[in-house]
file entry_24.cif (mmCIF, C-alpha atoms and all ligand atoms)
data_final
#
loop_
_atom_site.group_PDB
_atom_site.id
_atom_site.type_symbol
_atom_site.label_atom_id
_atom_site.label_comp_id
_atom_site.auth_asym_id
_atom_site.auth_seq_id
_atom_site.Cartn_x
_atom_site.Cartn_y
_atom_site.Cartn_z
ATOM 1 C CA MET A 92 -12.424 61.208 12.385
ATOM 2 C CA THR A 93 -15.024 63.223 10.473
ATOM 3 C CA ARG A 94 -17.629 64.547 12.908
ATOM 4 C CA ARG A 95 -20.803 65.966 11.429
ATOM 5 C CA ALA A 96 -22.998 68.699 12.873
ATOM 6 C CA ALA A 97 -25.785 66.273 13.851
ATOM 7 C CA ASP A 98 -23.474 63.651 15.410
ATOM 8 C CA SER A 99 -23.660 62.723 19.081
ATOM 9 C CA PRO A 100 -20.345 62.756 20.910
ATOM 10 C CA ILE A 101 -19.141 59.177 21.464
ATOM 11 C CA PRO A 102 -18.702 58.733 25.242
ATOM 12 C CA ASP A 103 -15.787 56.805 26.817
ATOM 13 C CA LYS A 104 -18.035 53.843 27.542
ATOM 14 C CA PRO A 105 -21.672 52.819 26.917
ATOM 15 C CA GLU A 106 -24.047 55.211 28.670
ATOM 16 C CA ASP A 107 -27.652 54.696 29.772
ATOM 17 C CA PRO A 108 -29.749 53.074 28.193
ATOM 18 C CA PHE A 109 -26.839 51.164 26.612
ATOM 19 C CA PRO A 110 -25.746 48.410 26.460
ATOM 20 C CA LEU A 111 -28.970 46.913 25.059
ATOM 21 C CA VAL A 112 -28.949 43.351 23.811
ATOM 22 C CA THR A 113 -31.466 41.243 21.895
ATOM 23 C CA ASP A 114 -32.234 37.551 21.659
ATOM 24 C CA TYR A 115 -31.833 35.877 18.269
ATOM 25 C CA CYS A 116 -34.188 37.560 15.771
ATOM 26 C CA ASP A 117 -35.192 36.545 12.269
ATOM 27 C CA ILE A 118 -33.655 38.266 9.258
ATOM 28 C CA VAL A 119 -36.435 39.064 6.828
ATOM 29 C CA GLY A 120 -36.435 40.460 3.302
ATOM 30 C CA GLY A 121 -36.716 44.273 3.234
ATOM 31 C CA PHE A 122 -37.268 46.178 0.028
ATOM 32 C CA GLY A 123 -33.790 45.239 -1.159
ATOM 33 C CA ARG A 124 -32.784 48.802 -1.998
ATOM 34 C CA GLY A 125 -29.930 48.632 0.508
ATOM 35 C CA SER A 126 -27.899 46.205 -1.593
ATOM 36 C CA ALA A 127 -29.249 47.048 -5.015
ATOM 37 C CA GLU A 128 -29.233 50.841 -4.962
ATOM 38 C CA LEU A 129 -26.957 51.818 -2.138
ATOM 39 C CA GLY A 130 -24.399 48.998 -2.333
ATOM 40 C CA ILE A 131 -24.833 48.708 1.443
ATOM 41 C CA PRO A 132 -26.656 45.468 2.245
ATOM 42 C CA THR A 133 -28.835 45.503 5.332
ATOM 43 C CA ALA A 134 -30.510 42.797 7.387
ATOM 44 C CA ASN A 135 -34.080 43.783 8.283
ATOM 45 C CA ILE A 136 -35.357 42.695 11.697
ATOM 46 C CA PRO A 137 -39.081 42.392 12.546
ATOM 47 C CA VAL A 138 -39.637 45.136 15.120
ATOM 48 C CA ASN A 139 -42.048 42.951 17.105
ATOM 49 C CA GLN A 140 -39.141 40.625 17.985
ATOM 50 C CA LEU A 141 -37.166 43.423 19.619
ATOM 51 C CA PRO A 142 -37.131 44.413 23.298
ATOM 52 C CA LYS A 143 -39.252 47.437 24.196
ATOM 53 C CA ALA A 144 -36.129 49.410 25.126
ATOM 54 C CA ILE A 145 -34.947 49.175 21.508
ATOM 55 C CA ASN A 146 -38.347 50.047 20.079
ATOM 56 C CA ASP A 147 -38.392 53.068 22.406
ATOM 57 C CA LEU A 148 -35.116 54.467 21.015
ATOM 58 C CA GLU A 149 -35.220 57.696 19.057
ATOM 59 C CA LEU A 150 -35.064 57.205 15.313
ATOM 60 C CA GLY A 151 -31.419 57.290 14.372
ATOM 61 C CA VAL A 152 -28.200 55.431 13.718
ATOM 62 C CA TYR A 153 -26.537 53.272 16.372
ATOM 63 C CA PHE A 154 -23.570 50.889 16.692
ATOM 64 C CA GLY A 155 -22.810 47.649 18.471
ATOM 65 C CA PHE A 156 -21.969 44.028 17.755
ATOM 66 C CA ALA A 157 -23.965 41.343 15.927
ATOM 67 C CA LYS A 158 -23.723 37.564 15.804
ATOM 68 C CA LEU A 159 -25.370 35.341 13.202
ATOM 69 C CA ARG A 160 -26.607 31.782 13.396
ATOM 70 C CA PRO A 161 -27.934 29.634 10.571
ATOM 71 C CA VAL A 162 -31.430 28.123 10.772
ATOM 72 C CA ASP A 163 -31.967 24.508 9.853
ATOM 73 C CA HIS A 164 -34.410 24.955 6.966
ATOM 74 C CA GLY A 165 -34.477 24.091 3.266
ATOM 75 C CA GLU A 166 -33.963 26.872 0.695
ATOM 76 C CA GLU A 167 -36.996 28.899 -0.344
ATOM 77 C CA VAL A 168 -37.724 31.744 -2.707
ATOM 78 C CA PHE A 169 -39.307 34.843 -1.184
ATOM 79 C CA THR A 170 -40.999 37.434 -3.399
ATOM 80 C CA ARG A 171 -40.522 41.065 -2.366
ATOM 81 C CA LYS A 172 -43.370 43.585 -2.479
ATOM 82 C CA ASN A 173 -41.945 44.874 -5.782
ATOM 83 C CA GLY A 174 -42.025 41.360 -7.276
ATOM 84 C CA ALA A 175 -38.249 40.732 -7.049
ATOM 85 C CA LYS A 176 -37.328 37.232 -5.930
ATOM 86 C CA VAL A 177 -34.899 36.565 -3.090
ATOM 87 C CA LEU A 178 -33.324 33.232 -2.309
ATOM 88 C CA MET A 179 -33.723 32.482 1.382
ATOM 89 C CA ASN A 180 -30.806 30.177 2.175
ATOM 90 C CA TYR A 181 -31.246 30.428 5.966
ATOM 91 C CA GLY A 182 -27.542 31.080 6.405
ATOM 92 C CA ARG A 183 -26.427 27.646 5.236
ATOM 93 C CA ASN A 184 -23.369 29.172 3.494
ATOM 94 C CA LEU A 185 -22.176 31.148 6.508
ATOM 95 C CA ASP A 186 -18.534 30.204 6.856
ATOM 96 C CA ARG A 187 -16.945 29.835 10.280
ATOM 97 C CA GLN A 188 -13.437 30.019 8.705
ATOM 98 C CA ASN A 189 -14.351 33.415 7.229
ATOM 99 C CA GLY A 190 -15.391 34.671 10.691
ATOM 100 C CA ASP A 191 -19.070 34.822 9.646
ATOM 101 C CA LEU A 192 -20.212 33.249 12.935
ATOM 102 C CA ASP A 193 -18.131 35.466 15.244
ATOM 103 C CA PRO A 194 -19.499 38.618 16.898
ATOM 104 C CA MET A 195 -18.949 41.378 14.314
ATOM 105 C CA PRO A 196 -19.219 45.179 14.387
ATOM 106 C CA VAL A 197 -22.583 46.494 13.277
ATOM 107 C CA VAL A 198 -24.097 49.837 12.391
ATOM 108 C CA LEU A 199 -27.855 49.989 12.486
ATOM 109 C CA SER A 200 -30.658 52.258 11.523
ATOM 110 C CA VAL A 201 -33.800 52.555 13.627
ATOM 111 C CA GLY A 202 -35.826 54.579 11.232
ATOM 112 C CA LYS A 203 -38.573 55.365 8.863
ATOM 113 C CA ASN A 204 -36.149 55.868 5.960
ATOM 114 C CA PRO A 205 -37.501 59.287 4.942
ATOM 115 C CA PHE A 206 -35.268 59.146 1.844
ATOM 116 C CA TYR A 207 -37.537 56.356 0.609
ATOM 117 C CA GLY A 208 -40.726 57.848 2.061
ATOM 118 C CA ASN A 209 -41.613 54.912 4.332
ATOM 119 C CA ASP A 210 -44.259 55.646 6.964
ATOM 120 C CA PHE A 211 -43.464 52.738 9.294
ATOM 121 C CA LYS A 212 -40.438 51.986 11.431
ATOM 122 C CA THR A 213 -37.774 49.512 10.389
ATOM 123 C CA VAL A 214 -34.678 48.255 12.137
ATOM 124 C CA GLU A 215 -31.915 47.434 9.683
ATOM 125 C CA LEU A 216 -28.437 46.178 10.453
ATOM 126 C CA HIS A 217 -25.421 46.646 8.252
ATOM 127 C CA ILE A 218 -22.892 44.115 9.531
ATOM 128 C CA ILE A 219 -19.374 45.376 8.893
ATOM 129 C CA HIS A 220 -17.806 42.237 7.465
ATOM 130 C CA GLU A 221 -16.963 40.732 4.049
ATOM 131 C CA PHE A 222 -19.513 37.977 3.480
ATOM 132 C CA LYS A 223 -19.163 35.597 0.543
ATOM 133 C CA ASP A 224 -22.896 34.907 0.254
ATOM 134 C CA SER A 225 -26.252 36.256 1.399
ATOM 135 C CA PHE A 226 -27.899 34.882 4.553
ATOM 136 C CA TYR A 227 -31.611 35.670 4.316
ATOM 137 C CA GLY A 228 -33.557 33.568 6.791
ATOM 138 C CA ALA A 229 -30.638 33.235 9.229
ATOM 139 C CA GLN A 230 -30.990 34.701 12.718
ATOM 140 C CA VAL A 231 -29.062 37.482 14.370
ATOM 141 C CA LYS A 232 -28.526 38.553 17.952
ATOM 142 C CA PHE A 233 -27.121 42.041 18.463
ATOM 143 C CA SER A 234 -26.174 44.672 20.984
ATOM 144 C CA ILE A 235 -26.545 48.420 20.793
ATOM 145 C CA LEU A 236 -23.758 50.252 22.589
ATOM 146 C CA GLY A 237 -24.159 53.842 21.443
ATOM 147 C CA HIS A 238 -25.869 56.455 19.295
ATOM 148 C CA ILE A 239 -24.177 58.007 16.264
ATOM 149 C CA ARG A 240 -26.712 60.477 14.839
ATOM 150 C CA PRO A 241 -30.408 61.150 14.304
ATOM 151 C CA GLU A 242 -32.133 59.883 11.194
ATOM 152 C CA LEU A 243 -31.877 62.481 8.431
ATOM 153 C CA ASN A 244 -33.560 63.067 5.121
ATOM 154 C CA TYR A 245 -31.410 63.347 2.024
ATOM 155 C CA THR A 246 -31.911 64.854 -1.381
ATOM 156 C CA THR A 247 -29.575 62.434 -3.142
ATOM 157 C CA LYS A 248 -28.708 58.773 -2.840
ATOM 158 C CA GLU A 249 -25.016 59.722 -2.942
ATOM 159 C CA ALA A 250 -25.344 61.904 0.165
ATOM 160 C CA LEU A 251 -27.056 59.046 2.042
ATOM 161 C CA ILE A 252 -24.309 56.604 0.972
ATOM 162 C CA GLU A 253 -21.600 59.050 2.016
ATOM 163 C CA ASP A 254 -23.172 59.450 5.459
ATOM 164 C CA ILE A 255 -23.591 55.704 5.977
ATOM 165 C CA ASN A 256 -19.907 55.273 5.124
ATOM 166 C CA ILE A 257 -19.047 57.845 7.802
ATOM 167 C CA ASP A 258 -21.364 55.989 10.227
ATOM 168 C CA ILE A 259 -19.384 52.794 9.507
ATOM 169 C CA LEU A 260 -16.044 54.481 10.245
ATOM 170 C CA THR A 261 -17.474 56.075 13.398
ATOM 171 C CA ALA A 262 -18.737 52.698 14.627
ATOM 172 C CA LEU A 263 -15.418 50.969 13.926
ATOM 173 C CA GLU A 264 -13.482 53.652 15.735
ATOM 174 C CA ALA A 265 -15.758 53.531 18.810
ATOM 175 C CA LEU A 266 -15.718 49.724 18.923
ATOM 176 C CA GLU A 267 -11.905 49.768 18.944
ATOM 177 C CA MET A 268 -11.998 51.337 22.416
ATOM 178 C CA ASP A 269 -11.487 48.708 25.121
ATOM 179 C CA SER A 270 -14.541 49.975 27.025
ATOM 180 C CA PHE A 271 -16.745 49.056 24.020
ATOM 181 C CA LYS A 272 -14.729 46.110 22.717
ATOM 182 C CA VAL A 273 -15.400 44.138 25.922
ATOM 183 C CA TYR A 274 -19.038 43.810 24.862
ATOM 184 C CA ARG A 275 -18.049 41.650 21.889
ATOM 185 C CA SER A 276 -17.906 38.647 24.223
ATOM 186 C CA GLN A 277 -21.419 39.448 25.534
ATOM 187 C CA LEU A 278 -22.708 37.844 22.323
ATOM 188 C CA ALA A 279 -20.521 34.733 22.329
ATOM 189 C CA ASP A 280 -22.477 31.596 23.221
HETATM 190 C C1 LIG A 301 -26.229 52.860 9.083
HETATM 191 C C2 LIG A 301 -27.467 53.266 8.333
HETATM 192 C C3 LIG A 301 -27.891 54.589 8.389
HETATM 193 C C4 LIG A 301 -29.026 55.001 7.697
HETATM 194 N N1 LIG A 301 -29.422 56.309 7.789
HETATM 195 C C5 LIG A 301 -30.517 56.728 7.107
HETATM 196 C C6 LIG A 301 -30.959 58.079 7.184
HETATM 197 O O1 LIG A 301 -30.398 58.918 7.910
HETATM 198 N N2 LIG A 301 -32.036 58.435 6.433
HETATM 199 C C7 LIG A 301 -32.719 57.557 5.634
HETATM 200 O O2 LIG A 301 -33.668 57.935 4.972
HETATM 201 N N3 LIG A 301 -32.348 56.260 5.581
HETATM 202 C C8 LIG A 301 -31.264 55.822 6.291
HETATM 203 N N4 LIG A 301 -30.871 54.524 6.224
HETATM 204 C C9 LIG A 301 -31.776 53.563 5.622
HETATM 205 C C10 LIG A 301 -31.566 53.336 4.161
HETATM 206 O O3 LIG A 301 -32.383 54.265 3.516
HETATM 207 C C11 LIG A 301 -32.043 51.914 3.971
HETATM 208 O O4 LIG A 301 -30.995 51.035 4.273
HETATM 209 C C12 LIG A 301 -32.635 51.724 2.633
HETATM 210 O O5 LIG A 301 -33.958 52.201 2.743
HETATM 211 C C13 LIG A 301 -32.651 50.294 2.146
HETATM 212 O O6 LIG A 301 -33.646 49.541 2.786
HETATM 213 P P1 LIG A 301 -34.178 48.199 2.131
HETATM 214 O O7 LIG A 301 -32.995 47.262 2.006
HETATM 215 O O8 LIG A 301 -35.254 47.700 3.062
HETATM 216 O O9 LIG A 301 -34.724 48.574 0.789
HETATM 217 C C14 LIG A 301 -29.749 54.071 6.916
HETATM 218 C C15 LIG A 301 -29.327 52.744 6.871
HETATM 219 C C16 LIG A 301 -28.207 52.323 7.566
HETATM 220 C C17 LIG A 301 -27.769 50.889 7.502
#

call {"tool": "encode", "arguments": {"input": "entry_24.cif", "output": "C-alpha cells"}}
result
Amino acid sequence: MTRRAADSPIPDKPEDPFPLVTDYCDIVGGFGRGSAELGIPTANIPVNQLPKAINDLELGVYFGFAKLRPVDHGEEVFTRKNGAKVLMNYGRNLDRQNGDLDPMPVVLSVGKNPFYGNDFKTVELHIIHEFKDSFYGAQVKFSILGHIRPELNYTTKEALIEDINIDILTALEALEMDSFKVYRSQLAD
C-alpha cells in the first residue's frame, strides 16, 4: 500500500475517539464539483446534523461505513449556488439488489476544501460503491473508524484526484481487517 508522508498509521483496531457513529442525516447539494470536475461524487452532509464529536475532529480525511435510506418525497429540482440544476430524487432509485441499501465503505473529508478556497467547513462522503443513479435528498447514517491524513492544499486538480484515489485504497484495505469490518453491522437496522 502506498503510504504518504502526511498519512497517519492505521492502527490494528479503532482507537479513541473512534468508532463514532451518526444518526440518519440529510444529503444536500454541494457545489457539485466533486462529480463534475473530479469524477469523484460526494454526498454533502449539513454539519449541524452531526454529533459534536465529529464536528470537533481535526480537518482531514477519515474512513468508515455508510448506509443509505430513501426518503418518501416527490422529485424536486434544486438550484445550486452557481445556477446549475440538480434533480433531487430522494433516493427513490436506490436498488437493494445492487447492494445500494447495505452498509458500504466510505471515505470522507472533514474540511474547508482549500483547493477550492472555501472558508467554511463541510463534511463530504464518497461512498465506495457503483451506483446506477444519483440519490440527492436521501439520508445517510455513517461511522468514522479512523483517520487517514490531514486536509492538504493542492496546486492541481490531478494531484487532489490522485490523493483521493489513494485515500480510497487505504480505506478499503483498513476496512478489510476483521477488527474494522465488524463495525459494518453497527449500521444495519
Ligand atoms: C476523500 C476526500 C478527500 C479530500 N481531500 C481534500 C484535501 O485534502 N484538500 C482539499 O482541498 N479538498 C479535499 N477534498 C474535497 C474536494 O475538494 C471536494 O470533494 C470538492 O471540493 C468537491 O466538493 P463539491 O461537490 O461540494 O463541489 C476531499 C474530498 C474527499 C471525498

call {"tool": "resolve_selection", "arguments": {"input": "entry_24.cif", "expression": "the PyMOL selection byres (((chain A and resi 156-171) around 9) and not hetatm)", "output": "compact mmCIF listing (two decimals) with C-alpha atoms, in the coordinates of the input"}}
result
# COMPACT_ATOMS: atom_id res chain seq x y z
CA TYR A 115 -31.83 35.88 18.27
CA GLY A 120 -36.44 40.46 3.30
CA GLY A 121 -36.72 44.27 3.23
CA PHE A 122 -37.27 46.18 0.03
CA GLY A 123 -33.79 45.24 -1.16
CA PHE A 154 -23.57 50.89 16.69
CA GLY A 155 -22.81 47.65 18.47
CA LYS A 172 -43.37 43.58 -2.48
CA ASN A 173 -41.94 44.87 -5.78
CA GLY A 174 -42.02 41.36 -7.28
CA ALA A 175 -38.25 40.73 -7.05
CA LYS A 176 -37.33 37.23 -5.93
CA VAL A 177 -34.90 36.56 -3.09
CA LEU A 178 -33.32 33.23 -2.31
CA MET A 179 -33.72 32.48 1.38
CA ASN A 180 -30.81 30.18 2.17
CA TYR A 181 -31.25 30.43 5.97
CA GLY A 182 -27.54 31.08 6.40
CA ARG A 183 -26.43 27.65 5.24
CA ASN A 184 -23.37 29.17 3.49
CA LEU A 185 -22.18 31.15 6.51
CA ASP A 191 -19.07 34.82 9.65
CA LEU A 192 -20.21 33.25 12.94
CA ASP A 193 -18.13 35.47 15.24
CA PRO A 194 -19.50 38.62 16.90
CA MET A 195 -18.95 41.38 14.31
CA PRO A 196 -19.22 45.18 14.39
CA VAL A 197 -22.58 46.49 13.28
CA VAL A 198 -24.10 49.84 12.39
CA LEU A 216 -28.44 46.18 10.45
CA ILE A 218 -22.89 44.12 9.53
CA PHE A 226 -27.90 34.88 4.55
CA GLY A 228 -33.56 33.57 6.79
CA ALA A 229 -30.64 33.24 9.23
CA GLN A 230 -30.99 34.70 12.72
CA VAL A 231 -29.06 37.48 14.37
CA LYS A 232 -28.53 38.55 17.95
CA PHE A 233 -27.12 42.04 18.46
CA SER A 234 -26.17 44.67 20.98
CA ILE A 235 -26.54 48.42 20.79
CA LEU A 236 -23.76 50.25 22.59
CA LEU A 266 -15.72 49.72 18.92
CA TYR A 274 -19.04 43.81 24.86
CA ARG A 275 -18.05 41.65 21.89
CA LEU A 278 -22.71 37.84 22.32
CA ALA A 279 -20.52 34.73 22.33

call {"tool": "closest_atom_pairs", "arguments": {"input": "entry_24.cif", "of": "chain A", "to": "ligand LIG 301 (chain A)", "cutoff": "6 Å", "atoms": "all atoms listed in the file", "output": "Markdown table"}}
result
| residue | atom | partner | partner_atom | distance |
| --- | --- | --- | --- | --- |
| A:Gly121 | CA | A:LIG301 | O8 | 3.7 |
| A:Phe122 | CA | A:LIG301 | O9 | 3.6 |
| A:Gly123 | CA | A:LIG301 | O7 | 3.8 |
| A:Arg124 | CA | A:LIG301 | O9 | 3.4 |
| A:Gly125 | CA | A:LIG301 | C13 | 3.6 |
| A:Thr133 | CA | A:LIG301 | O7 | 5.6 |
| A:Val152 | CA | A:LIG301 | C3 | 5.4 |
| A:Val198 | CA | A:LIG301 | C1 | 5.0 |
| A:Leu199 | CA | A:LIG301 | C1 | 4.7 |
| A:Ser200 | CA | A:LIG301 | C2 | 4.6 |
| A:Asn204 | CA | A:LIG301 | O2 | 3.4 |
| A:Pro205 | CA | A:LIG301 | O2 | 4.1 |
| A:Phe206 | CA | A:LIG301 | O2 | 3.7 |
| A:Tyr207 | CA | A:LIG301 | O5 | 5.9 |
| A:Glu215 | CA | A:LIG301 | C17 | 5.8 |
| A:Leu216 | CA | A:LIG301 | C17 | 5.6 |
| A:His217 | CA | A:LIG301 | C17 | 4.9 |
| A:Glu242 | CA | A:LIG301 | O1 | 3.8 |
| A:Leu243 | CA | A:LIG301 | O1 | 3.9 |
| A:Asn244 | CA | A:LIG301 | N2 | 5.0 |
| A:Ile255 | CA | A:LIG301 | C1 | 5.0 |
| A:Asp258 | CA | A:LIG301 | C1 | 5.9 |

call {"tool": "closest_residue", "arguments": {"input": "entry_24.cif", "among": "A:Leu111, A:Val119, A:Ala96, A:Ala144", "to": "Asp254 (chain A)", "atoms": "all atoms listed in the file"}}
result
A:Ala96

call {"tool": "atom_distance", "arguments": {"input": "entry_24.cif", "atom1": "CA of Gly237 (chain A)", "atom2": "CA of Phe271 (chain A)"}}
result
9.2 Å

call {"tool": "closest_residue", "arguments": {"input": "entry_24.cif", "among": "A:Gly151, A:Gly190, A:Pro241, A:Gly130", "to": "Val214 (chain A)", "atoms": "all atoms listed in the file"}}
result
A:Gly151

call {"tool": "residues_around", "arguments": {"input": "entry_24.cif", "residues": "Asp269 (chain A)", "least_positions_apart": "6", "cutoff": "12 Å", "atoms": "all atoms listed in the file", "output": "mmCIF file with C-alpha atoms, keeping the file's coordinate frame"}}
result
data_model
loop_
_atom_site.group_PDB
_atom_site.id
_atom_site.type_symbol
_atom_site.label_atom_id
_atom_site.label_comp_id
_atom_site.auth_asym_id
_atom_site.auth_seq_id
_atom_site.Cartn_x
_atom_site.Cartn_y
_atom_site.Cartn_z
ATOM 1 C CA ASP A 103 -15.787 56.805 26.817
ATOM 2 C CA LYS A 104 -18.035 53.843 27.542
ATOM 3 C CA PRO A 105 -21.672 52.819 26.917
ATOM 4 C CA ARG A 275 -18.049 41.650 21.889
ATOM 5 C CA SER A 276 -17.906 38.647 24.223
#
